[in-house]
file start15.cif (mmCIF, C-alpha atoms)
data_coords
#
loop_
_atom_site.label_atom_id
_atom_site.label_comp_id
_atom_site.auth_asym_id
_atom_site.auth_seq_id
_atom_site.Cartn_x
_atom_site.Cartn_y
_atom_site.Cartn_z
CA MET A 1 38.95 150.84 96.24
CA THR A 2 38.49 151.14 92.50
CA VAL A 3 36.35 148.32 91.19
CA PHE A 4 36.84 147.08 87.65
CA ALA A 5 34.56 144.77 85.74
CA ALA A 6 35.80 141.24 85.19
CA VAL A 7 37.57 140.86 81.86
CA GLN A 8 37.60 138.04 79.36
CA ARG A 9 40.52 135.65 79.14
CA THR A 10 40.64 135.69 75.36
CA GLU A 11 40.05 138.01 72.46
CA GLY A 12 38.53 135.84 69.74
CA GLU A 13 40.49 132.60 69.79
CA ALA A 14 43.80 134.15 70.90
CA VAL A 15 44.99 133.79 74.50
CA LEU A 16 45.66 137.15 76.12
CA PRO A 17 49.36 137.97 76.71
CA SER A 18 48.50 138.49 80.38
CA VAL A 19 47.17 134.93 80.65
CA GLU A 20 50.30 133.64 78.92
CA ALA A 21 52.42 135.54 81.46
CA ARG A 22 50.57 133.98 84.40
CA ARG A 23 50.88 130.52 82.86
CA ALA A 24 54.62 131.10 82.53
CA CYS A 25 54.76 131.91 86.25
CA ARG A 26 52.95 128.66 87.05
CA ASN A 27 55.62 126.88 85.00
CA GLY A 28 58.46 128.43 86.96
CA MET A 29 59.25 131.77 85.26
CA ALA A 30 61.04 133.85 87.90
CA SER A 31 62.28 136.95 86.10
CA SER A 32 61.38 140.64 86.05
CA THR A 33 57.99 141.41 84.52
CA ALA A 34 59.05 144.83 83.15
CA GLY A 35 57.95 144.88 79.52
CA VAL A 36 55.96 141.62 79.87
CA ALA A 37 52.43 141.58 78.40
CA ASN A 38 52.62 145.16 77.21
CA GLY A 39 49.31 146.96 77.56
CA PHE A 40 48.19 145.03 80.63
CA VAL A 41 48.18 146.26 84.22
CA GLN A 42 50.69 144.78 86.65
CA GLY A 43 50.30 144.86 90.42
CA ASN A 44 52.23 144.78 93.68
CA LEU A 45 51.11 142.31 96.35
CA ALA A 46 50.49 142.52 100.06
CA ILE A 47 48.93 139.39 101.59
CA LEU A 48 48.00 139.68 105.25
CA PRO A 49 45.98 137.89 107.94
CA GLU A 50 42.38 139.07 108.16
CA LYS A 51 42.96 140.64 111.60
CA LEU A 52 45.39 143.12 110.00
CA ALA A 53 43.49 143.70 106.75
CA GLY A 54 41.34 146.55 108.07
CA ALA A 55 44.32 148.52 109.34
CA PHE A 56 46.20 147.94 106.09
CA HIS A 57 43.20 149.01 104.01
CA ARG A 58 43.12 152.27 105.96
CA PHE A 59 46.89 152.63 105.51
CA CYS A 60 46.37 152.45 101.75
CA GLN A 61 43.58 155.02 101.91
CA LEU A 62 45.86 157.36 103.86
CA ASN A 63 48.76 156.80 101.45
CA PRO A 64 47.21 156.57 97.97
CA LYS A 65 50.37 157.57 96.09
CA PRO A 66 52.47 154.53 97.07
CA CYS A 67 49.55 152.20 97.81
CA PRO A 68 46.71 152.58 95.27
CA ILE A 69 44.44 149.54 95.61
CA ILE A 70 43.33 148.06 92.28
CA GLY A 71 42.09 144.72 93.61
CA MET A 72 41.30 142.90 96.86
CA SER A 73 40.33 139.31 97.60
CA ASP A 74 37.76 137.84 99.92
CA VAL A 75 39.16 136.21 103.06
CA GLY A 76 40.92 132.95 102.24
CA ASP A 77 40.13 133.19 98.52
CA PRO A 78 43.17 133.05 96.17
CA ARG A 79 41.06 134.35 93.29
CA ILE A 80 40.39 137.96 92.29
CA PRO A 81 38.03 137.63 89.29
CA ALA A 82 37.99 141.38 88.62
CA LEU A 83 41.69 141.14 87.72
CA GLY A 84 41.59 137.86 85.78
CA LEU A 85 39.09 135.04 85.57
CA ASP A 86 41.72 132.30 85.87
CA LEU A 87 44.02 134.19 88.26
CA ASP A 88 45.39 132.28 91.27
CA ILE A 89 47.31 134.52 93.62
CA ARG A 90 49.21 131.50 95.03
CA THR A 91 50.97 130.63 91.76
CA ASP A 92 50.75 133.56 89.34
CA VAL A 93 53.65 135.76 90.51
CA PRO A 94 57.22 135.00 89.37
CA ARG A 95 58.62 135.14 92.89
CA TYR A 96 57.18 135.88 96.33
CA ARG A 97 58.57 136.98 99.67
CA VAL A 98 57.39 135.32 102.89
CA TRP A 99 57.86 137.57 105.93
CA ARG A 100 58.04 136.47 109.56
CA ASP A 101 58.62 138.99 112.35
CA GLY A 102 59.64 141.59 109.79
CA GLU A 103 62.27 139.44 108.07
CA VAL A 104 62.17 137.65 104.72
CA THR A 105 62.38 133.93 105.49
CA ASP A 106 61.59 132.46 102.06
CA GLU A 107 61.40 133.58 98.42
CA PRO A 108 59.42 130.82 96.68
CA THR A 109 58.00 130.74 93.17
CA ASP A 110 54.60 129.76 94.58
CA ILE A 111 52.99 130.04 98.01
CA MET A 112 50.86 126.90 98.06
CA ASN A 113 52.66 125.70 101.21
CA HIS A 114 52.23 129.07 102.91
CA TRP A 115 48.59 129.73 102.07
CA ARG A 116 46.10 130.04 104.93
CA ASP A 117 42.34 130.38 105.13
CA ASP A 118 42.57 133.72 106.97
CA LEU A 119 44.61 135.57 104.34
CA VAL A 120 43.46 138.65 102.43
CA THR A 121 45.24 139.75 99.25
CA PHE A 122 45.68 143.39 98.28
CA VAL A 123 46.85 144.21 94.76
CA LEU A 124 48.34 147.68 94.42
CA GLY A 125 48.92 149.66 91.24
CA CYS A 126 52.38 149.43 89.65
CA SER A 127 54.39 152.03 87.78
CA PHE A 128 54.97 149.54 84.96
CA SER A 129 51.49 150.58 83.76
CA PHE A 130 52.40 154.20 83.12
CA GLU A 131 55.68 153.15 81.48
CA GLU A 132 53.68 152.09 78.43
CA ALA A 133 52.40 155.66 78.09
CA LEU A 134 55.93 157.05 78.51
CA LEU A 135 57.26 154.73 75.81
CA ASP A 136 54.40 155.64 73.48
CA GLU A 137 55.54 159.26 73.77
CA GLY A 138 59.11 158.31 72.86
CA LEU A 139 60.53 158.70 76.36
CA PRO A 140 63.27 156.18 77.17
CA ILE A 141 62.93 153.83 80.15
CA ARG A 142 66.44 153.03 81.29
CA HIS A 143 65.83 149.79 83.18
CA ILE A 144 63.92 148.38 80.21
CA GLU A 145 66.76 149.38 77.89
CA HIS A 146 69.23 147.56 80.15
CA ASN A 147 66.89 144.61 80.84
CA VAL A 148 67.14 144.98 84.63
CA ARG A 149 64.72 145.69 87.46
CA VAL A 150 63.72 149.29 88.15
CA PRO A 151 65.84 150.84 90.96
CA MET A 152 63.87 151.47 94.18
CA TYR A 153 64.86 153.34 97.34
CA ARG A 154 63.67 153.84 100.91
CA THR A 155 63.25 157.55 101.60
CA ASN A 156 62.87 159.88 104.56
CA ILE A 157 59.28 160.60 103.48
CA ALA A 158 57.10 159.21 106.27
CA CYS A 159 53.83 157.47 105.41
CA SER A 160 50.70 158.28 107.39
CA PRO A 161 50.36 155.48 109.98
CA SER A 162 47.48 153.08 110.55
CA GLY A 163 47.64 150.54 113.37
CA PRO A 164 50.97 148.70 113.12
CA PHE A 165 51.59 150.04 109.62
CA GLU A 166 54.01 152.95 109.57
CA GLY A 167 57.34 153.66 108.00
CA PRO A 168 59.09 155.23 105.02
CA MET A 169 57.79 155.65 101.49
CA VAL A 170 59.68 153.68 98.86
CA VAL A 171 60.21 155.32 95.47
CA SER A 172 61.20 154.05 92.03
CA MET A 173 63.56 156.06 89.83
CA ARG A 174 63.84 156.74 86.12
CA PRO A 175 66.39 159.22 84.74
CA PHE A 176 65.34 161.80 82.15
CA LYS A 177 66.66 164.92 80.52
CA PRO A 178 64.91 167.95 82.10
CA ALA A 179 62.53 168.54 79.17
CA ASP A 180 61.59 164.85 79.13
CA ALA A 181 61.11 164.92 82.91
CA ILE A 182 58.51 167.68 82.51
CA ARG A 183 56.72 165.60 79.88
CA ALA A 184 56.89 162.54 82.14
CA VAL A 185 55.15 164.49 84.91
CA GLN A 186 52.36 165.44 82.52
CA ILE A 187 51.92 161.89 81.21
CA THR A 188 51.96 160.05 84.54
CA SER A 189 49.57 162.54 86.14
CA ARG A 190 46.88 160.80 84.04
CA PHE A 191 47.40 157.55 85.97
CA PRO A 192 46.57 158.10 89.68
CA SER A 193 45.69 154.40 90.10
CA VAL A 194 49.31 153.50 89.39
CA HIS A 195 51.12 156.15 91.49
CA GLY A 196 50.40 159.18 89.30
CA ALA A 197 52.90 162.04 89.00
CA PRO A 198 56.38 161.86 90.56
CA VAL A 199 56.85 162.77 94.21
CA HIS A 200 60.35 164.22 93.69
CA LEU A 201 62.71 165.38 90.93
CA GLY A 202 66.48 165.61 91.29
CA HIS A 203 68.45 166.10 94.53
CA PRO A 204 68.10 162.54 95.89
CA HIS A 205 69.81 163.49 99.17
CA SER A 206 66.88 165.71 100.11
CA ILE A 207 64.60 162.65 100.37
CA GLY A 208 67.19 160.54 102.19
CA ILE A 209 68.79 158.72 99.25
CA LYS A 210 72.56 158.72 99.75
CA ASP A 211 73.57 157.16 96.44
CA VAL A 212 71.31 156.52 93.43
CA ALA A 213 73.85 153.95 92.26
CA LYS A 214 72.99 151.79 95.28
CA PRO A 215 69.22 151.12 95.32
CA ASP A 216 67.62 149.33 98.26
CA TYR A 217 65.61 147.16 95.85
CA GLY A 218 65.97 146.38 92.16
CA ASP A 219 69.07 147.17 90.12
CA PRO A 220 71.14 150.31 89.52
CA VAL A 221 70.89 152.12 86.18
CA PRO A 222 73.20 154.80 84.78
CA VAL A 223 72.22 158.47 85.05
CA ALA A 224 73.88 160.64 82.41
CA ASP A 225 75.37 164.05 83.22
CA ASP A 226 72.58 165.82 81.34
CA GLU A 227 69.82 163.87 83.12
CA ILE A 228 68.04 164.17 86.45
CA PRO A 229 66.66 161.30 88.54
CA VAL A 230 62.87 161.36 88.71
CA PHE A 231 61.20 159.55 91.61
CA TRP A 232 57.72 158.03 91.76
CA ALA A 233 55.95 156.58 94.81
CA CYS A 234 56.34 152.81 94.69
CA GLY A 235 54.18 149.82 95.62
CA VAL A 236 57.14 148.22 97.39
CA THR A 237 56.37 150.65 100.25
CA PRO A 238 54.36 147.96 102.14
CA GLN A 239 57.50 145.83 102.30
CA ALA A 240 59.41 148.59 104.10
CA VAL A 241 56.41 149.04 106.40
CA ILE A 242 56.09 145.29 107.07
CA ALA A 243 59.78 145.17 107.99
CA ASN A 244 59.40 148.22 110.23
CA ALA A 245 56.33 146.78 111.99
CA LYS A 246 57.93 143.33 112.39
CA LEU A 247 54.63 141.67 111.53
CA PRO A 248 54.44 138.01 112.59
CA PHE A 249 53.42 136.89 109.09
CA ALA A 250 52.90 138.44 105.66
CA ILE A 251 53.52 137.64 101.99
CA THR A 252 54.50 140.05 99.22
CA HIS A 253 55.89 139.86 95.70
CA ALA A 254 59.64 140.08 95.17
CA PRO A 255 60.41 143.64 94.00
CA GLY A 256 60.19 143.95 90.23
CA LEU A 257 58.43 140.58 89.81
CA MET A 258 54.79 141.52 89.62
CA LEU A 259 51.32 140.07 89.18
CA VAL A 260 50.17 140.51 85.56
CA THR A 261 46.41 141.14 85.39
CA ASP A 262 43.91 141.16 82.53
CA LEU A 263 43.12 144.86 83.03
CA ARG A 264 44.24 147.19 80.27
CA ASN A 265 46.54 150.08 81.14
CA ARG A 266 44.23 152.41 79.22
CA GLN A 267 41.43 151.57 81.67
CA LEU A 268 43.40 153.35 84.39
CA ALA A 269 43.89 156.65 82.54
CA VAL A 270 41.74 159.51 83.84
CA LEU A 271 42.19 161.67 80.71
#

call {"tool": "encode", "arguments": {"input": "start15.cif", "output": "structure tokens"}}
result
Amino acid sequence: MTVFAAVQRTEGEAVLPSVEARRACRNGMASSTAGVANGFVQGNLAILPEKLAGAFHRFCQLNPKPCPIIGMSDVGDPRIPALGLDLDIRTDVPRYRVWRDGEVTDEPTDIMNHWRDDLVTFVLGCSFSFEEALLDEGLPIRHIEHNVRVPMYRTNIACSPSGPFEGPMVVSMRPFKPADAIRAVQITSRFPSVHGAPVHLGHPHSIGIKDVAKPDYGDPVPVADDEIPVFWACGVTPQAVIANAKLPFAITHAPGLMLVTDLRNRQLAVL
């Protein structure tokens, strides 16, 4: 696990945009976090009972592309100070998913009533972080342009199993013209902590995607005739694995509605 130093809540007297985003969640904001608090790292959630945490940690180590760990809580502690000094994992995500026996049974805006003393929180890197770098290079991000959630798909790419955790990799998709797709590969390769380079370009059928206009999670976006779909490993993968394993109990974020941390995206770049 990559360990980051705790960051300050404020710069001078100004409240960080990431703190403002978390406060909005506590006040009931339940919309996509794409483009929210630009410059700050967002994360996917997997919250599991302690007895499953070891196996899931190993699953992440075996599958670093879809599941790069950027933060982890102590048992029963809703705080992760390394990601935000005032962060409370029970209230600071726009919408959660509560899983029982592999099925989503509730999608609350906080999990105070579901919290238990044996839970361990994993925060996984999110592709929203490398989108800032793509935008800085003038590359268009279609789901941001259309103000919708990024489209995500279950694939036929099998994850390496660990204990009860096994199943398909989930990918997110952004369409680009071929020259821009090459540049996107170069840019995102600098961010291994948030999925890194794409896992597939073009030909969605070859990774088990029947129709890019019908994502399994998120919202569809148009792909122009002169564009190709580019697919990145996605932190929603644990949700497909949780469903496949039919775990008795787990909590995740709702796809596209992420935890906003106080880490800076630039802290995750390796070059």

call {"tool": "residues_around", "arguments": {"input": "start15.cif", "residues": "segment 162-169 of chain A", "least_positions_apart": "6", "cutoff": "12 Å", "atoms": "only C-alpha atoms", "output": "PyMOL selection string"}}
result
chain A and resi 48+51-67+102+152-156+199-200+207-209+231-248

call {"tool": "atom_distance", "arguments": {"input": "start15.cif", "atom1": "atom CA of Leu139 of chain A", "atom2": "atom CA of Pro220 of chain A"}}
result
18.9 Å

call {"tool": "atom_distance", "arguments": {"input": "start15.cif", "atom1": "atom CA of Pro198 of chain A", "atom2": "atom CA of Ser172 of chain A"}}
result
9.3 Å

call {"tool": "closest_residue", "arguments": {"input": "start15.cif", "among": "A:Ala224, A:Val170, A:Ala34, A:Ile187", "to": "Pro94 of chain A", "atoms": "all atoms listed in the file"}}
result
A:Ala34

call {"tool": "atom_distance", "arguments": {"input": "start15.cif", "atom1": "atom CA of Leu134 of chain A", "atom2": "atom CA of Asp92 of chain A"}}
result
26.4 Å

call {"tool": "closest_residue", "arguments": {"input": "start15.cif", "among": "A:Arg95, A:Pro255, A:Leu45, A:Asp106", "to": "Pro215 of chain A", "atoms": "all atoms listed in the file"}}
result
A:Pro255

call {"tool": "residues_around", "arguments": {"input": "start15.cif", "residues": "Pro192 of chain A", "least_positions_apart": "6", "cutoff": "9 Å", "atoms": "only C-alpha atoms", "output": "PyMOL selection string"}}
result
chain A and resi 64-65+68+125+268-270

call {"tool": "residues_near_point", "arguments": {"input": "start15.cif", "point": "(43.1, 143.3, 86.8)", "cutoff": "10 Å", "atoms": "only C-alpha atoms", "output": "list of chain:residue names"}}
result
A:Val3, A:Phe4, A:Ala5, A:Ala6, A:Val7, A:Ser18, A:Phe40, A:Val41, A:Gln42, A:Gly43, A:Ile70, A:Gly71, A:Ile80, A:Pro81, A:Ala82, A:Leu83, A:Gly84, A:Leu85, A:Leu87, A:Val123, A:Gly125, A:Leu259, A:Val260, A:Thr261, A:Asp262, A:Leu263, A:Arg264, A:Asn265, A:Gln267

call {"tool": "residues_around", "arguments": {"input": "start15.cif", "residues": "Phe176 of chain A", "least_positions_apart": "2", "cutoff": "7 Å", "atoms": "only C-alpha atoms", "output": "PyMOL selection string"}}
result
chain A and resi 174+178+180-181+227-229

call {"tool": "resolve_selection", "arguments": {"input": "start15.cif", "expression": "the PyMOL selection byres ((chain A and resi 128) around 8)", "output": "PDB file with C-alpha atoms, in the frame of the given file"}}
result
ATOM      1  CA  ALA A  34      59.050 144.830  83.150  1.00  0.00           C
ATOM      2  CA  GLY A  35      57.950 144.880  79.520  1.00  0.00           C
ATOM      3  CA  VAL A  41      48.180 146.260  84.220  1.00  0.00           C
ATOM      4  CA  GLN A  42      50.690 144.780  86.650  1.00  0.00           C
ATOM      5  CA  CYS A 126      52.380 149.430  89.650  1.00  0.00           C
ATOM      6  CA  SER A 127      54.390 152.030  87.780  1.00  0.00           C
ATOM      7  CA  SER A 129      51.490 150.580  83.760  1.00  0.00           C
ATOM      8  CA  PHE A 130      52.400 154.200  83.120  1.00  0.00           C
ATOM      9  CA  GLU A 131      55.680 153.150  81.480  1.00  0.00           C
ATOM     10  CA  GLU A 132      53.680 152.090  78.430  1.00  0.00           C
TER      11      GLU A 132
END

call {"tool": "residues_near_point", "arguments": {"input": "start15.cif", "point": "(60.7, 147.1, 89.2)", "cutoff": "6 Å", "atoms": "all atoms listed in the file", "output": "list in words"}}
result
Arg149, Val150, Pro255 and Gly256 of chain A

call {"tool": "closest_residue", "arguments": {"input": "start15.cif", "among": "A:Ala37, A:Asn27, A:Phe122, A:Val221", "to": "Ile144 of chain A", "atoms": "all atoms listed in the file"}}
result
A:Val221

call {"tool": "axis_aligned_box", "arguments": {"input": "start15.cif", "around": "segment 89-99 of chain A", "padding_each_side": "6 Å", "output": "JSON"}}
result
{"center_x": 53.0, "center_y": 134.1, "center_z": 97.6, "size_x": 23.3, "size_y": 18.9, "size_z": 28.6}

call {"tool": "closest_residue", "arguments": {"input": "start15.cif", "among": "A:Leu16, A:Val104, A:Met72, A:Ala133", "to": "Ser189 of chain A", "atoms": "only C-alpha atoms"}}
result
A:Ala133

call {"tool": "resolve_selection", "arguments": {"input": "start15.cif", "expression": "the PyMOL selection byres ((chain A and resi 112) around 12)", "output": "compact mmCIF listing (two decimals) with C-alpha atoms, keeping the file's coordinate frame"}}
result
# COMPACT_ATOMS: atom_id res chain seq x y z
CA ARG A 26 52.95 128.66 87.05
CA PRO A 78 43.17 133.05 96.17
CA ASP A 88 45.39 132.28 91.27
CA ILE A 89 47.31 134.52 93.62
CA ARG A 90 49.21 131.50 95.03
CA THR A 91 50.97 130.63 91.76
CA ASP A 92 50.75 133.56 89.34
CA VAL A 93 53.65 135.76 90.51
CA TYR A 96 57.18 135.88 96.33
CA VAL A 98 57.39 135.32 102.89
CA PRO A 108 59.42 130.82 96.68
CA THR A 109 58.00 130.74 93.17
CA ASP A 110 54.60 129.76 94.58
CA ILE A 111 52.99 130.04 98.01
CA ASN A 113 52.66 125.70 101.21
CA HIS A 114 52.23 129.07 102.91
CA TRP A 115 48.59 129.73 102.07
CA ARG A 116 46.10 130.04 104.93
CA ASP A 117 42.34 130.38 105.13
CA ILE A 251 53.52 137.64 101.99

call {"tool": "decode", "arguments": {"input": "start15.cif", "residues": "segment 200-211 of chain A", "atoms": "all heavy atoms", "output": "PDB file, in the first residue's frame"}}
result
ATOM      1  N   HIS A 200      -6.961  -1.789 -22.831  1.00  0.00           N
ATOM      2  CA  HIS A 200      -7.471  -2.219 -24.138  1.00  0.00           C
ATOM      3  C   HIS A 200      -7.858  -0.997 -24.962  1.00  0.00           C
ATOM      4  O   HIS A 200      -8.369  -0.009 -24.420  1.00  0.00           O
ATOM      5  CB  HIS A 200      -8.690  -3.127 -23.950  1.00  0.00           C
ATOM      6  CG  HIS A 200      -9.129  -3.804 -25.202  1.00  0.00           C
ATOM      7  ND1 HIS A 200      -8.462  -4.874 -25.749  1.00  0.00           N
ATOM      8  CD2 HIS A 200     -10.178  -3.559 -26.043  1.00  0.00           C
ATOM      9  CE1 HIS A 200      -9.077  -5.273 -26.847  1.00  0.00           C
ATOM     10  NE2 HIS A 200     -10.116  -4.479 -27.052  1.00  0.00           N
ATOM     11  N   LEU A 201      -7.626  -1.075 -26.268  1.00  0.00           N
ATOM     12  CA  LEU A 201      -8.025  -0.015 -27.193  1.00  0.00           C
ATOM     13  C   LEU A 201      -8.833  -0.632 -28.336  1.00  0.00           C
ATOM     14  O   LEU A 201      -8.401  -1.615 -28.949  1.00  0.00           O
ATOM     15  CB  LEU A 201      -6.810   0.713 -27.781  1.00  0.00           C
ATOM     16  CG  LEU A 201      -6.027   1.656 -26.857  1.00  0.00           C
ATOM     17  CD1 LEU A 201      -5.075   0.892 -25.961  1.00  0.00           C
ATOM     18  CD2 LEU A 201      -5.253   2.684 -27.699  1.00  0.00           C
ATOM     19  N   GLY A 202      -9.993  -0.036 -28.617  1.00  0.00           N
ATOM     20  CA  GLY A 202     -10.820  -0.502 -29.723  1.00  0.00           C
ATOM     21  C   GLY A 202     -11.388  -1.900 -29.502  1.00  0.00           C
ATOM     22  O   GLY A 202     -11.235  -2.504 -28.448  1.00  0.00           O
ATOM     23  N   HIS A 203     -12.093  -2.410 -30.509  1.00  0.00           N
ATOM     24  CA  HIS A 203     -12.620  -3.780 -30.532  1.00  0.00           C
ATOM     25  C   HIS A 203     -13.192  -4.225 -29.190  1.00  0.00           C
ATOM     26  O   HIS A 203     -12.695  -5.154 -28.543  1.00  0.00           O
ATOM     27  CB  HIS A 203     -11.530  -4.752 -30.969  1.00  0.00           C
ATOM     28  CG  HIS A 203     -10.944  -4.446 -32.316  1.00  0.00           C
ATOM     29  ND1 HIS A 203     -11.661  -4.566 -33.495  1.00  0.00           N
ATOM     30  CD2 HIS A 203      -9.710  -3.987 -32.667  1.00  0.00           C
ATOM     31  CE1 HIS A 203     -10.894  -4.208 -34.515  1.00  0.00           C
ATOM     32  NE2 HIS A 203      -9.719  -3.841 -34.046  1.00  0.00           N
ATOM     33  N   PRO A 204     -14.268  -3.578 -28.720  1.00  0.00           N
ATOM     34  CA  PRO A 204     -14.826  -3.944 -27.415  1.00  0.00           C
ATOM     35  C   PRO A 204     -15.255  -5.397 -27.306  1.00  0.00           C
ATOM     36  O   PRO A 204     -15.169  -6.002 -26.231  1.00  0.00           O
ATOM     37  CB  PRO A 204     -16.036  -3.009 -27.261  1.00  0.00           C
ATOM     38  CG  PRO A 204     -16.080  -2.143 -28.460  1.00  0.00           C
ATOM     39  CD  PRO A 204     -14.970  -2.478 -29.371  1.00  0.00           C
ATOM     40  N   HIS A 205     -15.691  -6.011 -28.442  1.00  0.00           N
ATOM     41  CA  HIS A 205     -16.155  -7.396 -28.378  1.00  0.00           C
ATOM     42  C   HIS A 205     -15.059  -8.356 -27.919  1.00  0.00           C
ATOM     43  O   HIS A 205     -15.345  -9.396 -27.313  1.00  0.00           O
ATOM     44  CB  HIS A 205     -16.684  -7.830 -29.748  1.00  0.00           C
ATOM     45  CG  HIS A 205     -18.014  -7.242 -30.095  1.00  0.00           C
ATOM     46  ND1 HIS A 205     -18.157  -5.959 -30.575  1.00  0.00           N
ATOM     47  CD2 HIS A 205     -19.270  -7.757 -30.007  1.00  0.00           C
ATOM     48  CE1 HIS A 205     -19.435  -5.706 -30.790  1.00  0.00           C
ATOM     49  NE2 HIS A 205     -20.134  -6.774 -30.448  1.00  0.00           N
ATOM     50  N   SER A 206     -13.794  -7.999 -28.190  1.00  0.00           N
ATOM     51  CA  SER A 206     -12.716  -8.915 -27.835  1.00  0.00           C
ATOM     52  C   SER A 206     -12.479  -8.997 -26.337  1.00  0.00           C
ATOM     53  O   SER A 206     -11.794  -9.906 -25.861  1.00  0.00           O
ATOM     54  CB  SER A 206     -11.423  -8.526 -28.557  1.00  0.00           C
ATOM     55  OG  SER A 206     -10.940  -7.282 -28.104  1.00  0.00           O
ATOM     56  N   ILE A 207     -13.025  -8.048 -25.554  1.00  0.00           N
ATOM     57  CA  ILE A 207     -12.944  -8.162 -24.092  1.00  0.00           C
ATOM     58  C   ILE A 207     -14.335  -8.376 -23.486  1.00  0.00           C
ATOM     59  O   ILE A 207     -14.571  -8.101 -22.315  1.00  0.00           O
ATOM     60  CB  ILE A 207     -12.238  -6.946 -23.452  1.00  0.00           C
ATOM     61  CG1 ILE A 207     -12.918  -5.623 -23.806  1.00  0.00           C
ATOM     62  CG2 ILE A 207     -10.767  -6.925 -23.831  1.00  0.00           C
ATOM     63  CD1 ILE A 207     -12.380  -4.429 -23.021  1.00  0.00           C
ATOM     64  N   GLY A 208     -15.257  -8.856 -24.314  1.00  0.00           N
ATOM     65  CA  GLY A 208     -16.561  -9.282 -23.801  1.00  0.00           C
ATOM     66  C   GLY A 208     -17.615  -8.201 -23.711  1.00  0.00           C
ATOM     67  O   GLY A 208     -18.665  -8.418 -23.101  1.00  0.00           O
ATOM     68  N   ILE A 209     -17.372  -7.036 -24.303  1.00  0.00           N
ATOM     69  CA  ILE A 209     -18.354  -5.952 -24.270  1.00  0.00           C
ATOM     70  C   ILE A 209     -19.187  -6.023 -25.551  1.00  0.00           C
ATOM     71  O   ILE A 209     -18.675  -5.797 -26.653  1.00  0.00           O
ATOM     72  CB  ILE A 209     -17.661  -4.579 -24.151  1.00  0.00           C
ATOM     73  CG1 ILE A 209     -16.860  -4.514 -22.856  1.00  0.00           C
ATOM     74  CG2 ILE A 209     -18.692  -3.451 -24.201  1.00  0.00           C
ATOM     75  CD1 ILE A 209     -15.979  -3.275 -22.748  1.00  0.00           C
ATOM     76  N   LYS A 210     -20.459  -6.325 -25.422  1.00  0.00           N
ATOM     77  CA  LYS A 210     -21.315  -6.511 -26.594  1.00  0.00           C
ATOM     78  C   LYS A 210     -21.712  -5.192 -27.245  1.00  0.00           C
ATOM     79  O   LYS A 210     -21.843  -5.114 -28.465  1.00  0.00           O
ATOM     80  CB  LYS A 210     -22.566  -7.306 -26.198  1.00  0.00           C
ATOM     81  CG  LYS A 210     -22.282  -8.728 -25.748  1.00  0.00           C
ATOM     82  CD  LYS A 210     -23.567  -9.458 -25.374  1.00  0.00           C
ATOM     83  CE  LYS A 210     -23.274 -10.880 -24.941  1.00  0.00           C
ATOM     84  NZ  LYS A 210     -24.518 -11.606 -24.547  1.00  0.00           N
ATOM     85  N   ASP A 211     -21.923  -4.156 -26.430  1.00  0.00           N
ATOM     86  CA  ASP A 211     -22.428  -2.894 -26.962  1.00  0.00           C
ATOM     87  C   ASP A 211     -21.938  -1.754 -26.074  1.00  0.00           C
ATOM     88  O   ASP A 211     -22.366  -1.647 -24.918  1.00  0.00           O
ATOM     89  CB  ASP A 211     -23.958  -2.923 -27.014  1.00  0.00           C
ATOM     90  CG  ASP A 211     -24.564  -1.728 -27.737  1.00  0.00           C
ATOM     91  OD1 ASP A 211     -23.822  -0.759 -28.005  1.00  0.00           O
ATOM     92  OD2 ASP A 211     -25.772  -1.750 -28.012  1.00  0.00           O
TER      93      ASP A 211
END
